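Novice: Just passing along the structure, written as structure tokens.
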Amino acid sequence: MTDRGPSMTNGSTTSAGGPEPELSDPRVPAPPHGRLGVAGGTALYIAAVLGTGILVLPALAAAAAGPGAILAVAALALISVPLASTFAALARRHPDAGGVATFARRAFGPDAARVIGYWFFFGTPIGAPIAALMTARYVVAVIGGDALSTTLIAIGLMVIPVIVTAFGVRFAASVQLVLSGALVAVLIFVLAAAAPHARPENLVPLLPHGWAGVGLAMSLYIWAFAGWEAVAGIGGEFRNPRRDIPRATALALVIVSVAYLAIQAVTVVVLGGKAATSDVPLLDLVRVATGDGGGVVVAVIAAIVVTGVFNAYLAAFSKLGAAMGRDGDLPAWFGRGVENGAVARRGLLLSAVVMALYSVVVLASGDLQPFILVHTSIAAAVYGLGVASALRLLPARSLGWWMALISCVLAAGLLVLAGWHLVFPAVAAVVALGVGALPRSRRRRSGRPAGADPA
């Protein structure tokens with residue numbers, strides 16, 4: 001494992017913390033891109049951000065804030081506008097497999113890149129067994145089964161997307177286009193079926209747990225709105241990143257925000273106090289309107305939806321793993337497949353191993369809320385360093401730069417909400433910096449300068 005000084009990314013030389021030529025600079029050869037279009041990109045964004053949050057978060061948020069959970073979702077929808085815009089601006093200007101790690105490398109150097117890379121690659125996969133277990137509970141609630149059945153279904157839901165992703169990002173995006181359409185369809189079905197059973201009195205009192213409850217609900221919902229940074233790692237897979245990434249981001253932002261706000265509002269006004277104790281709120285909404293027959297449809301679609309979520313994230317994980325191998329933050333063996341359009345199967349293999357290790361812990365526990373808060377604290381840390389990178393990389397006082405400035409303020413708020421859970425990204429950062437220090441110390445003992453590669 002080597003710690004490089006200058007790093008080659010997309011054909012340009014990067015020095016730590018220094019400005020770089022833009023991709024439009026005629027001195028810089030344009031890198032080849034993939035064949036992902038707006039439709040496929042939008043589908044992957046929707047999967048990364050919407051996905052499994054609809055399955056259980058409306059109930060967890062209702063338990064934390066009561067009807068105030070609606071305010072929490074609305075606030076995070078507004079926060080998502082500058083965050084999504086910032087990562088779209090970064091991805092369209094610097095489309096690279098490293099995603100957020102590439103942004104941090106260009107802005108602050110290799111140590112920052114390694115830290116954010118470790119946060120994303122080794123931290124966020126804890127969300128995989130959480131998502132799988134959420135969905136497995138829906139399936140078991142309909143077809144019946146015990147704890148072992150739930151575990152086996154959850155494992156199956158994680159294995160299938162690994163196989164799909166092994167065929168490449170374009171294939172995964174094609175599959176995801178169908179899955180995201182199914183997700184939107186099931187939401188429309190649920191809302192239409194449940195809305196006539198709404199009771200306005202369920203909105204009173206609006207803040208039974210005060211504003212602190214709204215803050216806790218926002219912390220939980222970071223899980224739902226995290227994902228804008230994930231698809232940044234496949235920016236190079238778009239046919240025309242500068243044109244298509246902003247379009248895909250805007251479409252996904254509107255769909256995701258409306259969907260989460262609607263499902264939370266309907267959960268509160270239809271289920272009332274029962275929402276806080278429901279393990280399967282989406283299923284309970286349909287049962288209110290149609291009985292168990294409609295619940296079968298929801299459970300089947302939920303299984304399809306989680307497959308789509310993993311498609312989006314595994315595509316990003318595999319590419320980031322390859323980029324980390326290329327840049328010396330992982331053994332070079334993992335660097336194969338980093339090129340735009342290539343399949344990073346070695347990075348995917350390592351992602352699957354990390355997911356499996358987390359699965360042992362999460363599935364053995366069965367209590368999702370603590371693990372969701374760990375995941376969201378890591379997501380908040382990734383956002384914080386990612387948007388700080390944007391202030392260095394985007395042209396000063398451009399629209400993207402102003403969005404990044406607003407995002408920095410918002411990210412600081414998310415970090416405050418994460419509270420003591422930030423100990424988890426802090427530990428990961430220490431490990432990442434320690435890994436980076438090892439090769440430097442060996443090079444110093446051998447007489448090589450710290451920034452030089454071995455011959």
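Following the order of the structure tokens, chains are lettered A, B, ..., residues in each are numbered from 1, and ligands are numbered from 1.
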Let's see if you can do this: from backbone DSSP, list all helix (DSSP H, G or I) residues in range 175-372 of chain A, as a PyMOL selection string.
Specialist: chain A and resi 175-197+200-203+210-225+231-237+241-277+281-290+292-326+332-335+345-365+368-372
Novice: Could you list, as a list in words, every residue within 10 Å of Val296 in chain A, counting only C-alpha atoms and ignoring same-chain residues fewer than 4 positions away?
Specialist: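 Returned residues: Tyr138, Val139, Ala141, Val142, Ile143, Leu283, Val286, Arg287, Gly291, Asp292, Val300, Ile301 and Ala302 of chain A.
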Novice: Set the distance at 7 Å and use only C-alpha atoms: which residues neighbour range 203-209 of chain A once local chain neighbours fewer than 5 positions away are removed? I'd like the list as a count of residues only.
Specialist: 5
Novice: Sort by chain and increasing residue number a table of all residues of range 107-153 of chain A within 10 Å of range 55-62 of chain A, each with its closest pair of atoms and their distance in Å to one decimal, counting only C-alpha atoms, and write it as a tab-separated table.
Specialist:
```
residue	atom	partner	partner_atom	distance
A:Ala131	CA	A:Leu55	CA	8.8
A:Met134	CA	A:Leu55	CA	6.7
A:Thr135	CA	A:Leu55	CA	7.1
A:Arg137	CA	A:Leu55	CA	9.6
A:Tyr138	CA	A:Leu55	CA	8.0
```
Novice: Would you mind listing, for every residue of range 293-328 of chain A within 10 Å of range 213-227 of chain A, the two atoms forming the shortest contact and the distance between them in Å to one decimal, using only C-alpha atoms, sorted by chain and ascending residue number, as JSON lines?
Specialist:
```
{"residue": "A:Val309", "atom": "CA", "partner": "A:Gly227", "partner_atom": "CA", "distance": 9.9}
{"residue": "A:Ala312", "atom": "CA", "partner": "A:Gly227", "partner_atom": "CA", "distance": 9.2}
{"residue": "A:Tyr313", "atom": "CA", "partner": "A:Gly227", "partner_atom": "CA", "distance": 8.3}
```
Novice: Restricting the calculation to only C-alpha atoms, which member of A:Leu44, A:Ala136, A:Leu152, A:Leu76 is positioned closest to Leu414 in chain A?
Specialist: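 For Leu414 in chain A, the nearest of the given residues is A:Leu76.
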Novice: Could you pull the residues within 10 Å of Ala289 in chain A, counting only C-alpha atoms, minus those fewer than 4 positions along the same chain, as a ChimeraX atom specification?
Specialist: /A:190-197,270,284-285,294-295
Novice: For Thr86 in chain A, which of A:Ala428, A:Ile234, A:Val254, A:Leu394 is the closest residue, counting only C-alpha atoms?
Specialist: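 Closest to Thr86 in chain A of all the choices is A:Leu394.
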Novice: Nearest to Val38 in chain A among A:Val159, A:Ala252, A:Val186, A:Ile372, with distances taken over only C-alpha atoms: which residue is it?
Specialist: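 With only C-alpha atoms as the atom set, the closest residue is A:Ala252.
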Novice: Counting only C-alpha atoms, give me one row per residue of range 267-319 of chain A with an atom at most 10 Å from an atom of range 343-346 of chain A, showing the shortest contact pair and its distance in Å to one decimal, sorted by chain then residue number, as a Markdown table.
Specialist:
```
| residue | atom | partner | partner_atom | distance |
| --- | --- | --- | --- | --- |
| A:Ala315 | CA | A:Ala344 | CA | 8.6 |
| A:Ala316 | CA | A:Ala344 | CA | 9.9 |
| A:Phe317 | CA | A:Ala344 | CA | 9.2 |
| A:Ser318 | CA | A:Ala344 | CA | 5.5 |
| A:Lys319 | CA | A:Ala344 | CA | 5.8 |
```
Novice: Suppose we keep N, CA, C and O atoms; can you now write the selection as a PDB file, in the first residue's frame?
Specialist:
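Final file, out.pdb:
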```pdb
ATOM      1  N   ALA A 315     -23.037  -0.196  -6.622  1.00  0.00           N
ATOM      2  CA  ALA A 315     -22.333   0.402  -7.762  1.00  0.00           C
ATOM      3  C   ALA A 315     -21.351   1.455  -7.281  1.00  0.00           C
ATOM      4  O   ALA A 315     -20.205   1.538  -7.751  1.00  0.00           O
ATOM      5  N   ALA A 316     -21.772   2.285  -6.313  1.00  0.00           N
ATOM      6  CA  ALA A 316     -20.891   3.321  -5.773  1.00  0.00           C
ATOM      7  C   ALA A 316     -19.762   2.709  -4.948  1.00  0.00           C
ATOM      8  O   ALA A 316     -18.599   3.120  -5.062  1.00  0.00           O
ATOM      9  N   PHE A 317     -20.081   1.718  -4.103  1.00  0.00           N
ATOM     10  CA  PHE A 317     -19.058   1.090  -3.274  1.00  0.00           C
ATOM     11  C   PHE A 317     -17.978   0.428  -4.115  1.00  0.00           C
ATOM     12  O   PHE A 317     -16.778   0.546  -3.832  1.00  0.00           O
ATOM     13  N   SER A 318     -18.393  -0.311  -5.141  1.00  0.00           N
ATOM     14  CA  SER A 318     -17.419  -1.034  -5.950  1.00  0.00           C
ATOM     15  C   SER A 318     -16.471  -0.077  -6.657  1.00  0.00           C
ATOM     16  O   SER A 318     -15.253  -0.294  -6.693  1.00  0.00           O
ATOM     17  N   LYS A 319     -17.014   1.021  -7.190  1.00  0.00           N
ATOM     18  CA  LYS A 319     -16.173   2.007  -7.866  1.00  0.00           C
ATOM     19  C   LYS A 319     -15.251   2.723  -6.881  1.00  0.00           C
ATOM     20  O   LYS A 319     -14.078   2.986  -7.187  1.00  0.00           O
TER      21      LYS A 319
END
```
Novice: Hey, which of A:Val409, A:Ala212, A:Val360, A:Leu187 ends up closest to Leu261 in chain A? Count only C-alpha atoms.
Specialist: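 Closest to Leu261 in chain A of all the choices is A:Leu187.
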Novice: Expressed in Å to a single decimal, how great is the separation between CA of Val306 in chain A and CA of Glu339 in chain A?
Specialist: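 Between these atoms lies a distance of 27.4 Å.
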Novice: Any idea what the distance is between CA of Ala390 in chain A and CA of Pro425 in chain A?
Specialist: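 CA of Pro425 in chain A lies at a distance of 20.3 Å from CA of Ala390 in chain A.
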Novice: Give me the residues within 12 Å of Val162 in chain A as JSON, numbers by chain, counting only C-alpha atoms and dropping any in the same chain fewer than 4 places off.
Specialist: {"A": [128, 155, 156, 157, 158, 166, 167, 168, 169, 172, 307, 308, 309, 310, 311, 312, 313, 314, 315, 317, 318, 344, 345, 346, 347, 348, 349, 350, 351, 352, 353, 355, 356]}
Novice: Looking at only C-alpha atoms, which of A:Pro281, A:Ala429, A:Phe87, A:Ala411 is the one that sits closest to Ala250 in chain A?
Specialist: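 Using only C-alpha atoms, the shortest distance to Ala250 in chain A belongs to A:Phe87.
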Novice: Rank A:Thr151, A:Ser359, A:Leu83, A:Ala265 by their smallest atom-to-atom distance to Trp401 in chain A, using only C-alpha atoms, and report the top residue only.
Specialist: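 Going through A:Thr151, A:Ser359, A:Leu83, A:Ala265 one by one, the smallest distance to Trp401 in chain A is for A:Leu83.
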Novice: Can you pull out every residue within 7 Å of Leu373 in chain A, counting only C-alpha atoms, but drop anything in the same chain fewer than 3 positions away, and send it as a compact mmCIF listing (two decimals) with all heavy atoms, in the first residue's frame?
Specialist:
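Output saved as out.txt:
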```txt
# COMPACT_ATOMS: atom_id res chain seq x y z
N LEU A 220 -33.02 10.70 12.68
CA LEU A 220 -33.39 9.41 12.09
C LEU A 220 -33.57 9.54 10.58
O LEU A 220 -33.15 8.66 9.82
CB LEU A 220 -34.68 8.90 12.73
CG LEU A 220 -34.58 8.47 14.19
CD1 LEU A 220 -35.97 8.30 14.80
CD2 LEU A 220 -33.78 7.18 14.31
N GLN A 369 -32.74 0.87 15.66
CA GLN A 369 -32.52 2.30 15.89
C GLN A 369 -31.07 2.66 16.23
O GLN A 369 -30.53 3.61 15.67
CB GLN A 369 -33.46 2.82 16.98
CG GLN A 369 -33.26 4.32 17.25
CD GLN A 369 -34.38 4.92 18.06
OE1 GLN A 369 -35.55 4.65 17.83
NE2 GLN A 369 -34.04 5.75 19.04
N PRO A 370 -30.37 1.93 17.12
CA PRO A 370 -28.99 2.31 17.40
C PRO A 370 -28.10 2.26 16.17
O PRO A 370 -27.23 3.13 15.98
CB PRO A 370 -28.55 1.27 18.45
CG PRO A 370 -29.81 0.76 19.04
CD PRO A 370 -30.82 0.80 17.95
N THR A 376 -26.28 7.25 10.37
CA THR A 376 -26.54 8.65 10.06
C THR A 376 -25.42 9.56 10.56
O THR A 376 -25.15 10.60 9.95
CB THR A 376 -27.88 9.11 10.65
OG1 THR A 376 -27.90 8.86 12.05
CG2 THR A 376 -29.03 8.36 10.00
N SER A 377 -24.74 9.19 11.64
CA SER A 377 -23.60 10.00 12.10
C SER A 377 -22.46 9.94 11.09
O SER A 377 -21.81 10.95 10.83
CB SER A 377 -23.12 9.51 13.47
OG SER A 377 -22.50 8.24 13.39
N HIS A 421 -22.85 10.18 18.86
CA HIS A 421 -22.64 9.13 17.85
C HIS A 421 -21.48 9.45 16.91
O HIS A 421 -21.01 8.56 16.18
CB HIS A 421 -23.93 8.90 17.05
CG HIS A 421 -25.03 8.28 17.86
ND1 HIS A 421 -25.98 9.04 18.51
CD2 HIS A 421 -25.32 6.99 18.15
CE1 HIS A 421 -26.81 8.23 19.15
NE2 HIS A 421 -26.43 7.00 18.95
```
Novice: Do you know which residues are at most 7 Å from Ser180 in chain A counting only C-alpha atoms, after dropping those on the same chain fewer than 5 positions away, and could you put them as a VMD selection string?
Specialist: chain A and resid 43 46 to 47
Novice: Please indicate the distance in Å from CA of Val338 in chain A to CA of Met324 in chain A, rounded to one decimal place.
Specialist: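 CA of Val338 in chain A sits 9.1 Å away from CA of Met324 in chain A.
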